[in-house]
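Everything below belongs to structure.cif, which stores mmCIF, C-alpha atoms and all ligand atoms.
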data_my_file
loop_
_atom_site.group_PDB
_atom_site.id
_atom_site.type_symbol
_atom_site.label_atom_id
_atom_site.label_comp_id
_atom_site.auth_asym_id
_atom_site.auth_seq_id
_atom_site.Cartn_x
_atom_site.Cartn_y
_atom_site.Cartn_z
ATOM 1 C CA MET J 108 -64.644 13.189 12.405
ATOM 2 C CA LEU J 109 -63.786 11.014 15.391
ATOM 3 C CA LEU J 110 -66.066 11.108 18.407
ATOM 4 C CA SER J 111 -64.881 13.014 21.469
ATOM 5 C CA ASP J 112 -63.900 10.767 24.391
ATOM 6 C CA LYS J 113 -67.072 11.758 26.195
ATOM 7 C CA MET J 114 -69.374 11.012 23.243
ATOM 8 C CA TRP J 115 -67.608 7.738 22.523
ATOM 9 C CA LYS J 116 -67.992 6.609 26.127
ATOM 10 C CA LEU J 117 -71.710 7.452 26.246
ATOM 11 C CA LEU J 118 -72.547 5.972 22.831
ATOM 12 C CA ASN J 119 -70.497 2.880 23.581
ATOM 13 C CA GLU J 120 -72.382 2.472 26.858
ATOM 14 C CA GLN J 121 -75.676 2.926 25.007
ATOM 15 C CA VAL J 122 -74.844 -0.108 22.833
ATOM 16 C CA LYS J 123 -74.660 -2.073 26.074
ATOM 17 C CA TRP J 124 -77.918 -0.596 27.417
ATOM 18 C CA GLU J 125 -79.784 -1.506 24.231
ATOM 19 C CA LEU J 126 -78.413 -5.055 24.306
ATOM 20 C CA GLU J 127 -79.186 -5.286 28.012
ATOM 21 C CA SER J 128 -82.761 -4.206 27.191
ATOM 22 C CA ALA J 129 -82.938 -6.968 24.582
ATOM 23 C CA TYR J 130 -81.674 -9.478 27.147
ATOM 24 C CA MET J 131 -84.246 -8.297 29.683
ATOM 25 C CA TYR J 132 -87.147 -8.583 27.212
ATOM 26 C CA LEU J 133 -85.919 -11.969 26.023
ATOM 27 C CA GLY J 134 -85.889 -13.158 29.645
ATOM 28 C CA MET J 135 -89.440 -11.912 30.007
ATOM 29 C CA ALA J 136 -90.390 -13.750 26.798
ATOM 30 C CA ALA J 137 -89.035 -16.987 28.265
ATOM 31 C CA TYR J 138 -91.040 -16.461 31.460
ATOM 32 C CA LEU J 139 -94.231 -15.616 29.552
ATOM 33 C CA ASN J 140 -93.930 -18.659 27.341
ATOM 34 C CA ASP J 141 -93.498 -20.799 30.448
ATOM 35 C CA LYS J 142 -96.671 -19.216 31.891
ATOM 36 C CA ALA J 143 -98.708 -20.337 28.869
ATOM 37 C CA LEU J 144 -98.893 -16.843 27.343
ATOM 38 C CA PRO J 145 -97.316 -17.503 23.919
ATOM 39 C CA GLY J 146 -98.746 -14.306 22.409
ATOM 40 C CA PHE J 147 -97.127 -12.149 25.087
ATOM 41 C CA ALA J 148 -93.917 -14.163 24.703
ATOM 42 C CA PHE J 149 -93.913 -13.569 20.937
ATOM 43 C CA TRP J 150 -94.513 -9.843 21.487
ATOM 44 C CA MET J 151 -91.554 -9.670 23.878
ATOM 45 C CA GLN J 152 -89.344 -11.554 21.426
ATOM 46 C CA LYS J 153 -90.177 -8.919 18.813
ATOM 47 C CA GLN J 154 -89.371 -6.197 21.353
ATOM 48 C CA ALA J 155 -86.008 -7.848 22.100
ATOM 49 C CA ALA J 156 -85.228 -7.951 18.364
ATOM 50 C CA GLU J 157 -86.018 -4.217 18.124
ATOM 51 C CA GLU J 158 -83.591 -3.465 20.943
ATOM 52 C CA VAL J 159 -80.865 -5.396 19.111
ATOM 53 C CA GLU J 160 -81.594 -3.199 16.073
ATOM 54 C CA HIS J 161 -81.182 -0.100 18.268
ATOM 55 C CA ALA J 162 -77.836 -1.429 19.536
ATOM 56 C CA MET J 163 -76.662 -2.083 15.973
ATOM 57 C CA LYS J 164 -77.674 1.392 14.788
ATOM 58 C CA ILE J 165 -75.410 2.899 17.459
ATOM 59 C CA TYR J 166 -72.688 0.288 16.913
ATOM 60 C CA ASN J 167 -72.587 1.176 13.207
ATOM 61 C CA PHE J 168 -72.633 4.906 13.918
ATOM 62 C CA ILE J 169 -69.590 4.595 16.208
ATOM 63 C CA GLU J 170 -67.737 2.753 13.440
ATOM 64 C CA GLU J 171 -68.842 5.266 10.794
ATOM 65 C CA ARG J 172 -67.254 7.971 12.905
ATOM 66 C CA GLY J 173 -63.977 6.093 12.722
ATOM 67 C CA ASN J 174 -64.083 4.859 16.310
ATOM 68 C CA ARG J 175 -63.982 1.347 17.671
ATOM 69 C CA VAL J 176 -66.810 -0.293 19.611
ATOM 70 C CA GLU J 177 -65.904 -1.864 22.923
ATOM 71 C CA LEU J 178 -68.493 -4.369 24.106
ATOM 72 C CA LEU J 179 -69.221 -4.125 27.819
ATOM 73 C CA PRO J 180 -70.583 -6.855 30.115
ATOM 74 C CA ILE J 181 -74.357 -7.310 30.106
ATOM 75 C CA ALA J 182 -76.125 -7.979 33.397
ATOM 76 C CA ALA J 183 -78.235 -11.131 33.690
ATOM 77 C CA PRO J 184 -81.929 -10.229 33.639
ATOM 78 C CA ALA J 185 -84.475 -11.021 36.354
ATOM 79 C CA LYS J 186 -86.024 -14.492 36.106
ATOM 80 C CA GLU J 187 -89.220 -14.218 38.132
ATOM 81 C CA TRP J 188 -92.087 -11.748 38.247
ATOM 82 C CA ALA J 189 -95.421 -11.793 40.064
ATOM 83 C CA ASN J 190 -97.382 -11.786 36.793
ATOM 84 C CA VAL J 191 -97.588 -10.232 33.346
ATOM 85 C CA HIS J 192 -98.843 -6.983 34.885
ATOM 86 C CA GLU J 193 -95.598 -6.597 36.827
ATOM 87 C CA ILE J 194 -93.603 -7.366 33.686
ATOM 88 C CA PHE J 195 -95.203 -4.480 31.828
ATOM 89 C CA GLU J 196 -94.904 -2.101 34.775
ATOM 90 C CA LYS J 197 -91.173 -2.897 34.989
ATOM 91 C CA SER J 198 -90.792 -2.604 31.213
ATOM 92 C CA PHE J 199 -92.514 0.779 31.139
ATOM 93 C CA GLU J 200 -90.224 2.006 33.943
ATOM 94 C CA HIS J 201 -87.249 0.637 32.032
ATOM 95 C CA GLU J 202 -88.229 2.506 28.858
ATOM 96 C CA GLN J 203 -88.482 5.732 30.866
ATOM 97 C CA PHE J 204 -84.979 5.038 32.192
ATOM 98 C CA VAL J 205 -83.740 4.549 28.605
ATOM 99 C CA THR J 206 -85.415 7.822 27.569
ATOM 100 C CA GLY J 207 -83.330 9.496 30.283
ATOM 101 C CA LEU J 208 -80.159 7.940 28.856
ATOM 102 C CA ILE J 209 -81.026 9.187 25.367
ATOM 103 C CA ASN J 210 -81.726 12.672 26.728
ATOM 104 C CA ASN J 211 -78.298 12.653 28.420
ATOM 105 C CA LEU J 212 -76.733 11.687 25.101
ATOM 106 C CA VAL J 213 -78.538 14.543 23.338
ATOM 107 C CA ASP J 214 -77.307 16.979 26.020
ATOM 108 C CA ALA J 215 -73.744 15.685 25.676
ATOM 109 C CA ALA J 216 -73.822 16.008 21.878
ATOM 110 C CA ALA J 217 -74.926 19.641 22.252
ATOM 111 C CA GLU J 218 -72.205 20.348 24.835
ATOM 112 C CA GLU J 219 -69.567 18.772 22.597
ATOM 113 C CA LYS J 220 -70.953 20.680 19.568
ATOM 114 C CA ASP J 221 -71.132 17.280 17.855
ATOM 115 C CA HIS J 222 -73.802 18.062 15.255
ATOM 116 C CA ALA J 223 -73.570 14.679 13.540
ATOM 117 C CA SER J 224 -74.344 12.915 16.816
ATOM 118 C CA SER J 225 -77.150 15.412 17.512
ATOM 119 C CA VAL J 226 -78.828 14.570 14.203
ATOM 120 C CA PHE J 227 -78.226 10.840 14.677
ATOM 121 C CA LEU J 228 -79.752 10.899 18.159
ATOM 122 C CA GLN J 229 -82.949 12.637 17.046
ATOM 123 C CA TRP J 230 -84.182 9.283 15.708
ATOM 124 C CA PHE J 231 -83.802 7.813 19.184
ATOM 125 C CA VAL J 232 -85.640 10.735 20.799
ATOM 126 C CA THR J 233 -88.664 10.028 18.581
ATOM 127 C CA GLU J 234 -88.281 6.278 19.018
ATOM 128 C CA GLN J 235 -88.423 6.592 22.818
ATOM 129 C CA VAL J 236 -91.726 8.470 22.606
ATOM 130 C CA GLU J 237 -93.020 5.513 20.589
ATOM 131 C CA GLU J 238 -91.511 2.956 22.963
ATOM 132 C CA GLU J 239 -93.108 4.531 26.021
ATOM 133 C CA ASP J 240 -96.428 4.813 24.188
ATOM 134 C CA THR J 241 -96.275 1.140 23.158
ATOM 135 C CA PHE J 242 -95.726 -0.083 26.709
ATOM 136 C CA ARG J 243 -98.251 2.365 28.149
ATOM 137 C CA GLY J 244 -100.786 1.019 25.644
ATOM 138 C CA VAL J 245 -100.333 -2.561 26.812
ATOM 139 C CA LEU J 246 -100.440 -1.469 30.458
ATOM 140 C CA ASP J 247 -103.747 0.315 29.793
ATOM 141 C CA LYS J 248 -105.247 -2.869 28.375
ATOM 142 C CA LEU J 249 -103.896 -4.935 31.257
ATOM 143 C CA SER J 250 -105.447 -2.532 33.753
ATOM 144 C CA PHE J 251 -108.879 -3.910 32.766
ATOM 145 C CA LEU J 252 -107.838 -7.503 33.360
ATOM 146 C CA LYS J 253 -106.974 -9.487 36.449
ATOM 147 C CA PRO J 254 -104.039 -11.908 36.092
ATOM 148 C CA ASP J 255 -105.370 -15.426 35.305
ATOM 149 C CA SER J 256 -108.717 -14.054 34.103
ATOM 150 C CA PRO J 257 -110.179 -15.410 30.838
ATOM 151 C CA GLY J 258 -109.717 -12.000 29.222
ATOM 152 C CA MET J 259 -105.978 -12.576 29.402
ATOM 153 C CA LEU J 260 -106.303 -15.294 26.777
ATOM 154 C CA ILE J 261 -107.997 -12.879 24.384
ATOM 155 C CA LEU J 262 -105.311 -10.255 24.954
ATOM 156 C CA ASP J 263 -102.664 -12.961 24.512
ATOM 157 C CA LYS J 264 -104.094 -13.723 21.054
ATOM 158 C CA GLU J 265 -103.952 -10.010 20.188
ATOM 159 C CA MET J 266 -100.338 -9.746 21.372
ATOM 160 C CA ALA J 267 -99.425 -12.548 18.949
ATOM 161 C CA THR J 268 -100.321 -10.288 16.020
ATOM 162 C CA ARG J 269 -97.464 -7.827 16.595
ATOM 163 C CA THR J 270 -95.700 -7.108 13.344
ATOM 164 C CA ASP J 271 -92.259 -5.650 12.666
ATOM 165 C CA ASP J 272 -92.564 -1.908 12.961
HETATM 166 FE FE FE J 301 -84.041 0.750 22.535
HETATM 167 FE FE FE J 302 -86.865 0.184 24.051
#
Show me this structure written as structure tokens.
Amino acid sequence: MLLSDKMWKLLNEQVKWELESAYMYLGMAAYLNDKALPGFAFWMQKQAAEEVEHAMKIYNFIEERGNRVELLPIAAPAKEWANVHEIFEKSFEHEQFVTGLINNLVDAAAEEKDHASSVFLQWFVTEQVEEEDTFRGVLDKLSFLKPDSPGMLILDKEMATRTDD
């Protein structure tokens, strides 16, 4: 069954938000690599790839419903941050913002009595809990370390071990 206009608009916008997240994390990866933190940069590249996967899940769902995806403009990401600590604070805030978007989508699906979208979106509800936990975990580790301290190099090595999850 085709999506309602409201559900189509929100899901279509979510494709953009996921791709915009990928763009933001990729920009952070470029910055981190430039700041001699290749492990953090690698971690952020993996995160960007995950966001592209999220976008494609929604993209494919829209098509499966018989609707057409309309790609929206993506904003250019920030280029400069104070340090890696600020990057993870901003990222954590961003993930909380995305959780809000997903919650709005879940509410809309319920209002529209769109059960297929409700079931589809449950995956994203769970995923956002994981996303927030992932970023909170890195922030917790960073809270023990000053920027430019030797401990950062050890954490950078650990960040390089991120696998596809
Ligand atoms: Fe995402
Ligand atoms: Fe995310």
Atom-to-atom span, CA of Val226 in chain J and CA of Gln121 in chain J, Å: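 Here the two named atoms are 16.2 Å from each other.
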Residues near Ala162 in chain J, cut-off 12 Å, only C-alpha atoms, skip fewer than 5 positions along chain, as a ChimeraX atom specification: /J:118-130,155-157,167-169,176,178,231
Matched chain/residue IDs from the PyMOL selection byres (((chain J and resi 242) around 10) and not hetatm), as a VMD selection string: chain J and resid 195 to 200 202 237 to 241 243 to 247
Could the centre and edge lengths of an axis-aligned box, enclosing all atoms of range 174-185 of chain J in the file with 8 Å extra on each side, be given in Å to one decimal as AutoDock Vina command-line options?
--center_x -74.2 --center_y -3.1 --center_z 26.3 --size_x 36.5 --size_y 32.0 --size_z 36.0
Residue nearest ligand FE 302 (chain J) - candidates J:Gln235, J:Ser111, J:Asn174, J:Asn210, atoms counted: only C-alpha atoms and all ligand atoms: J:Gln235
Need the neighbours of (-73.3, 9.3, 16.4): which residues are at most 7 Å away, counting all atoms listed in the file, as a PDB file with C-alpha atoms, keeping the file's coordinate frame?
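Final output, part_32.pdb:
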ATOM      1  CA  ILE J 165     -75.410   2.899  17.459  1.00  0.00           C
ATOM      2  CA  PHE J 168     -72.633   4.906  13.918  1.00  0.00           C
ATOM      3  CA  ILE J 169     -69.590   4.595  16.208  1.00  0.00           C
ATOM      4  CA  ALA J 223     -73.570  14.679  13.540  1.00  0.00           C
ATOM      5  CA  SER J 224     -74.344  12.915  16.816  1.00  0.00           C
ATOM      6  CA  PHE J 227     -78.226  10.840  14.677  1.00  0.00           C
ATOM      7  CA  LEU J 228     -79.752  10.899  18.159  1.00  0.00           C
TER       8      LEU J 228
END
Name the residues that the PyMOL selection byres (((chain J and resi 271) around 10) and not hetatm) picks from the file above, as a JSON list (two decimals) with C-alpha atoms, in the frame of the given file, using the file's chain letters and numbers.
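Output (selection_34.json):
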[["chain", "number", "residue", "atom", "x", "y", "z"],
["J", 153, "LYS", "CA", -90.18, -8.92, 18.81],
["J", 154, "GLN", "CA", -89.37, -6.20, 21.35],
["J", 156, "ALA", "CA", -85.23, -7.95, 18.36],
["J", 157, "GLU", "CA", -86.02, -4.22, 18.12],
["J", 268, "THR", "CA", -100.32, -10.29, 16.02],
["J", 269, "ARG", "CA", -97.46, -7.83, 16.60],
["J", 270, "THR", "CA", -95.70, -7.11, 13.34],
["J", 272, "ASP", "CA", -92.56, -1.91, 12.96]]
Answer key for the PyMOL selection byres (((chain J and resi 185) around 12) and not hetatm), residues as a PyMOL selection string: chain J and resi 127-128+130-138+182-184+186-189+193-194+197-198
Suppose we keep C-alpha atoms; can you now write the selection as a PDB file, in the coordinates of the input?
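Now in result-v1.pdb:
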ATOM      1  CA  GLU J 127     -79.186  -5.286  28.012  1.00  0.00           C
ATOM      2  CA  SER J 128     -82.761  -4.206  27.191  1.00  0.00           C
ATOM      3  CA  TYR J 130     -81.674  -9.478  27.147  1.00  0.00           C
ATOM      4  CA  MET J 131     -84.246  -8.297  29.683  1.00  0.00           C
ATOM      5  CA  TYR J 132     -87.147  -8.583  27.212  1.00  0.00           C
ATOM      6  CA  LEU J 133     -85.919 -11.969  26.023  1.00  0.00           C
ATOM      7  CA  GLY J 134     -85.889 -13.158  29.645  1.00  0.00           C
ATOM      8  CA  MET J 135     -89.440 -11.912  30.007  1.00  0.00           C
ATOM      9  CA  ALA J 136     -90.390 -13.750  26.798  1.00  0.00           C
ATOM     10  CA  ALA J 137     -89.035 -16.987  28.265  1.00  0.00           C
ATOM     11  CA  TYR J 138     -91.040 -16.461  31.460  1.00  0.00           C
ATOM     12  CA  ALA J 182     -76.125  -7.979  33.397  1.00  0.00           C
ATOM     13  CA  ALA J 183     -78.235 -11.131  33.690  1.00  0.00           C
ATOM     14  CA  PRO J 184     -81.929 -10.229  33.639  1.00  0.00           C
ATOM     15  CA  LYS J 186     -86.024 -14.492  36.106  1.00  0.00           C
ATOM     16  CA  GLU J 187     -89.220 -14.218  38.132  1.00  0.00           C
ATOM     17  CA  TRP J 188     -92.087 -11.748  38.247  1.00  0.00           C
ATOM     18  CA  ALA J 189     -95.421 -11.793  40.064  1.00  0.00           C
ATOM     19  CA  GLU J 193     -95.598  -6.597  36.827  1.00  0.00           C
ATOM     20  CA  ILE J 194     -93.603  -7.366  33.686  1.00  0.00           C
ATOM     21  CA  LYS J 197     -91.173  -2.897  34.989  1.00  0.00           C
ATOM     22  CA  SER J 198     -90.792  -2.604  31.213  1.00  0.00           C
TER      23      SER J 198
END
Residue among J:Trp115, J:Trp230, J:Phe147, J:Phe251 lying closest to ligand FE 301 (chain J), counting all atoms listed in the file: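 When distances to ligand FE 301 (chain J) are compared using all atoms listed in the file, the smallest one comes from J:Trp230.
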Distance of CA of Lys248 in chain J from CA of His192 in chain J, expressed in Å to one decimal place: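 Spanning CA of His192 in chain J to CA of Lys248 in chain J is a straight-line distance of 10.0 Å.
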Nearest to Gly173 in chain J, chosen from J:Leu144, J:Leu139, J:Leu260, J:Leu110, with all atoms listed in the file counted in the distances: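 With all atoms listed in the file as the atom set, the closest residue is J:Leu110.
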